[in-house]
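Here is the structure we will look at, set down as structure tokens.
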Amino acid sequence: MLLRSRFLKVVHVRKQLSACSRFAIQTQTRCKSTDASEDEVKHFQELAPTWWDTDGSQRILHKMNLARLDFVQRTVRNQVKIQNPEIFVPGFNYKEFLPEYVCDNIQREMQESIETNLDKRPEVSVLDVGCGGGILSESLARLKWVKNVQGIDLTRDCIMVAKEHAKKDPMLEGKINYECKALEDVTGQFDIITCMEMLEHVDMPSEILRHCWSRLNPEKGILFLSTINRDLISWFTTIFMGENVLKIVPKGTHHLSKYINSKEILAWFNDNYSGQFRLLDLKGTMYLPYQGWVEHDCSDVGNYFMAIQRLN
């Protein structure tokens, strides 16, 4: 609970904003409560040129993007009800009792029904906060049930890289828009907001969550989060091994003091929006060298994915 007070409360916000120093990084001004530090912005500015190199500085992020996208799609599909009365929906753990070929048929029919119902629903709008070079933004924009994606980031070089890369895929034309701006300057509301691998890089994560929540569609909009628990295992895997030993993550990317426990995020929502949200899913995730990123049920250790739905 070392940083619980930093995360759960916004202390002296006005004082911090008034004393906020202005610095120039390619004409960028830092004086927003949702800003990252100068060092963070500079760090990612240096990584921008190799953002889309799958064997470069962001190769682990490219691998993680597959797991992130699976988590988002599974969560969205789980909110779709099967309305076809001819589809058999078991009310028990059928995989333990039925033959494998029967289980496969049941699963296939349910998935097809869900996809059909999903196609009939209105397309959704997405805000990708801290989009970087656009790895997740592009993946989301290619989903047929997504109307458009707005990606925002504080690093201009990353936004430039994202814009140039998106031009390579005609399918993304008109479906994706990138801007270098702070979250609090975003207007409108979104059906889905993603904040992936971002909270651990800002000084005031509670402000990020507060602004995300205000931009989320009150009609059951979903906020997706992905960050890292603050524990010894996280330090060992992400900093000691990832940055210093294996060197699969750029050095200086992570700071243990900025990691946020999943329980702290849930406590913050209970303190600020009690009765106004529902936890849809919470999964731990870890990187295995020969397997990629895999999910597990120990969400209090290491990296984790979280999906929170807004209720009326």
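Ligands are numbered from 1 in the order shown, chains are lettered A, B, ... in the order of the structure tokens, and residues start at 1 in each chain.
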
Considering only C-alpha atoms, return as a list in words whatever protein or nucleic-acid residues lie within 7 Å of range 115-119 of chain A, sequence-local ones (same chain, fewer than 3 positions apart) excluded.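 Those residues are Val80, Gln111, Glu112 and Trp145 of chain A.
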
With distances taken over only C-alpha atoms, which residue among A:Ala307, A:Cys103, A:Leu266, A:Ile248 lies nearest Gln58 in chain A?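 That would be A:Ile248, the residue with the smallest distance to Gln58 in chain A.
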
Could you give me, as JSON, numbers by chain, the residues within 12 Å of Thr50 in chain A, counting only C-alpha atoms and dropping anything in the same chain fewer than 6 positions from it? {"A": [44, 56, 57, 58, 59, 61, 62, 132, 133, 157, 158, 161, 162, 165, 250]}

For Gly130 in chain A, work out the shell of residues within 6 Å, counting only C-alpha atoms and skipping chain neighbours fewer than 5 positions away, then give it as a PyMOL selection string. chain A and resi 152-153+198

Those residues you just picked out, can you put them in a file as a PDB file, in the first residue's frame with all heavy atoms?
```pdb
ATOM      1  N   ILE A 152      -5.191   8.814 -28.945  1.00  0.00           N
ATOM      2  CA  ILE A 152      -4.531  10.019 -28.439  1.00  0.00           C
ATOM      3  C   ILE A 152      -3.266   9.632 -27.683  1.00  0.00           C
ATOM      4  O   ILE A 152      -3.187   8.569 -27.066  1.00  0.00           O
ATOM      5  CB  ILE A 152      -5.448  10.845 -27.515  1.00  0.00           C
ATOM      6  CG1 ILE A 152      -5.844  10.029 -26.271  1.00  0.00           C
ATOM      7  CG2 ILE A 152      -6.673  11.320 -28.261  1.00  0.00           C
ATOM      8  CD1 ILE A 152      -6.524  10.860 -25.191  1.00  0.00           C
ATOM      9  N   ASP A 153      -2.274  10.501 -27.762  1.00  0.00           N
ATOM     10  CA  ASP A 153      -1.013  10.278 -27.056  1.00  0.00           C
ATOM     11  C   ASP A 153      -0.343  11.624 -26.857  1.00  0.00           C
ATOM     12  O   ASP A 153      -0.618  12.587 -27.600  1.00  0.00           O
ATOM     13  CB  ASP A 153      -0.102   9.340 -27.861  1.00  0.00           C
ATOM     14  CG  ASP A 153       0.971   8.696 -26.989  1.00  0.00           C
ATOM     15  OD1 ASP A 153       1.992   9.352 -26.714  1.00  0.00           O
ATOM     16  OD2 ASP A 153       0.764   7.531 -26.569  1.00  0.00           O
ATOM     17  N   MET A 198      -0.517   2.075 -19.865  1.00  0.00           N
ATOM     18  CA  MET A 198      -0.427   3.520 -19.833  1.00  0.00           C
ATOM     19  C   MET A 198      -0.438   4.086 -18.410  1.00  0.00           C
ATOM     20  O   MET A 198       0.285   5.026 -18.101  1.00  0.00           O
ATOM     21  CB  MET A 198      -1.585   4.099 -20.656  1.00  0.00           C
ATOM     22  CG  MET A 198      -1.577   5.593 -20.820  1.00  0.00           C
ATOM     23  SD  MET A 198      -2.585   6.371 -19.560  1.00  0.00           S
ATOM     24  CE  MET A 198      -2.634   8.039 -20.188  1.00  0.00           C
TER      25      MET A 198
END
```

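Shortest atom-to-atom contact with Asn177 in chain A among A:Val124, A:Ile193, A:Leu154, A:Cys131: A:Cys131, counting only C-alpha atoms.
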
What's the 12 Å shell around Arg108 in chain A, counting only C-alpha atoms, without same-chain residues fewer than 6 positions away, as a PyMOL selection string? chain A and resi 87-89+101-102+114-115

I'd like a table as a Markdown table: residues in range 198-219 of chain A with an atom no more than 10 Å from range 255-260 of chain A, each row giving the shortest atom pair and its distance in Å to one decimal, only C-alpha atoms counted, sorted by chain and rising residue number.
```
| residue | atom | partner | partner_atom | distance |
| --- | --- | --- | --- | --- |
| A:Leu199 | CA | A:Ile260 | CA | 7.9 |
| A:Glu200 | CA | A:Lys258 | CA | 5.1 |
| A:His201 | CA | A:Lys258 | CA | 6.8 |
| A:Val202 | CA | A:Lys258 | CA | 7.6 |
| A:Asp203 | CA | A:Lys258 | CA | 7.6 |
| A:Met204 | CA | A:Lys258 | CA | 9.4 |
| A:Pro205 | CA | A:Ile260 | CA | 8.7 |
```

Using the selection just defined, write its residues with N, CA and C atoms as a short mmCIF file (atom, residue, chain, number, x, y, z; two decimals), in the first residue's frame.
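See selection_22.cif below for the written result:
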```
data_model
loop_
_atom_site.label_atom_id
_atom_site.label_comp_id
_atom_site.auth_asym_id
_atom_site.auth_seq_id
_atom_site.Cartn_x
_atom_site.Cartn_y
_atom_site.Cartn_z
N LEU A 199 -1.27 3.52 -17.53
CA LEU A 199 -1.41 4.05 -16.18
C LEU A 199 -0.08 4.07 -15.42
N GLU A 200 0.80 3.11 -15.71
CA GLU A 200 2.07 3.03 -15.00
C GLU A 200 3.09 4.05 -15.50
N HIS A 201 2.67 4.91 -16.43
CA HIS A 201 3.59 5.91 -16.97
C HIS A 201 3.16 7.35 -16.66
N VAL A 202 2.12 7.52 -15.85
CA VAL A 202 1.63 8.87 -15.54
C VAL A 202 1.79 9.15 -14.05
N ASP A 203 1.78 10.44 -13.71
CA ASP A 203 1.96 10.84 -12.32
C ASP A 203 0.68 10.76 -11.50
N MET A 204 -0.47 10.93 -12.16
CA MET A 204 -1.74 10.95 -11.45
C MET A 204 -2.73 10.00 -12.12
N PRO A 205 -2.59 8.71 -11.89
CA PRO A 205 -3.46 7.73 -12.54
C PRO A 205 -4.93 7.91 -12.20
#
```

If you run DSSP over the backbone, which residues in range 155-251 of chain A end up helix (DSSP H, G or I)? Put them as a ChimeraX atom specification. /A:156-166,170-172,183-185,199-201,205-215,232-245

Would you pick out the contacts of Arg142 in chain A at 9 Å or less, using only C-alpha atoms, so that residues sharing its chain but fewer than 6 positions from it are not included, and give the list as a PDB file with all heavy atoms, in the first residue's frame?
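Result file around23.pdb:
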```
ATOM      1  N   MET A 171      -8.003  -0.204 -45.652  1.00  0.00           N
ATOM      2  CA  MET A 171      -9.151  -0.579 -44.838  1.00  0.00           C
ATOM      3  C   MET A 171      -9.363   0.373 -43.656  1.00  0.00           C
ATOM      4  O   MET A 171     -10.472   0.522 -43.145  1.00  0.00           O
ATOM      5  CB  MET A 171      -8.957  -2.008 -44.316  1.00  0.00           C
ATOM      6  CG  MET A 171     -10.092  -2.529 -43.475  1.00  0.00           C
ATOM      7  SD  MET A 171      -9.747  -4.189 -42.858  1.00  0.00           S
ATOM      8  CE  MET A 171     -11.213  -4.477 -41.858  1.00  0.00           C
ATOM      9  N   LEU A 172      -8.298   1.048 -43.241  1.00  0.00           N
ATOM     10  CA  LEU A 172      -8.369   1.933 -42.078  1.00  0.00           C
ATOM     11  C   LEU A 172      -8.808   3.350 -42.433  1.00  0.00           C
ATOM     12  O   LEU A 172      -9.046   4.160 -41.546  1.00  0.00           O
ATOM     13  CB  LEU A 172      -7.006   1.986 -41.384  1.00  0.00           C
ATOM     14  CG  LEU A 172      -6.484   0.668 -40.814  1.00  0.00           C
ATOM     15  CD1 LEU A 172      -5.093   0.854 -40.239  1.00  0.00           C
ATOM     16  CD2 LEU A 172      -7.433   0.120 -39.756  1.00  0.00           C
ATOM     17  N   LYS A 175     -11.638   5.229 -40.607  1.00  0.00           N
ATOM     18  CA  LYS A 175     -12.008   4.505 -39.389  1.00  0.00           C
ATOM     19  C   LYS A 175     -11.115   4.851 -38.197  1.00  0.00           C
ATOM     20  O   LYS A 175     -11.418   4.448 -37.070  1.00  0.00           O
ATOM     21  CB  LYS A 175     -11.937   2.988 -39.616  1.00  0.00           C
ATOM     22  CG  LYS A 175     -13.065   2.429 -40.467  1.00  0.00           C
ATOM     23  CD  LYS A 175     -13.192   0.922 -40.302  1.00  0.00           C
ATOM     24  CE  LYS A 175     -13.689   0.539 -38.910  1.00  0.00           C
ATOM     25  NZ  LYS A 175     -13.928  -0.925 -38.763  1.00  0.00           N
TER      26      LYS A 175
END
```

As a list in words, please: the residues near Gln309 in chain A (cut-off 6 Å, only C-alpha atoms, same-chain neighbours under 5 positions excluded). Lys220, Gly221, Ile222, Phe277 and Arg278 of chain A

Atoms kept (N, CA, C and O atoms) for selection, written as an mmCIF file, in the first residue's frame:
```
data_model
loop_
_atom_site.group_PDB
_atom_site.id
_atom_site.type_symbol
_atom_site.label_atom_id
_atom_site.label_comp_id
_atom_site.auth_asym_id
_atom_site.auth_seq_id
_atom_site.Cartn_x
_atom_site.Cartn_y
_atom_site.Cartn_z
ATOM 1 N N LYS A 220 -23.871 1.584 -20.615
ATOM 2 C CA LYS A 220 -23.093 0.349 -20.543
ATOM 3 C C LYS A 220 -21.807 0.387 -21.364
ATOM 4 O O LYS A 220 -21.394 -0.611 -21.956
ATOM 5 N N GLY A 221 -21.163 1.560 -21.400
ATOM 6 C CA GLY A 221 -19.843 1.652 -22.014
ATOM 7 C C GLY A 221 -18.837 0.836 -21.212
ATOM 8 O O GLY A 221 -19.027 0.591 -20.014
ATOM 9 N N ILE A 222 -17.760 0.410 -21.861
ATOM 10 C CA ILE A 222 -16.778 -0.460 -21.204
ATOM 11 C C ILE A 222 -15.393 0.193 -21.223
ATOM 12 O O ILE A 222 -14.930 0.649 -22.264
ATOM 13 N N PHE A 277 -20.810 0.944 -11.460
ATOM 14 C CA PHE A 277 -19.947 0.165 -12.345
ATOM 15 C C PHE A 277 -20.101 -1.319 -12.049
ATOM 16 O O PHE A 277 -20.603 -1.738 -11.000
ATOM 17 N N ARG A 278 -19.643 -2.117 -13.002
ATOM 18 C CA ARG A 278 -19.641 -3.573 -12.834
ATOM 19 C C ARG A 278 -18.337 -4.123 -13.395
ATOM 20 O O ARG A 278 -17.959 -3.791 -14.518
#
```
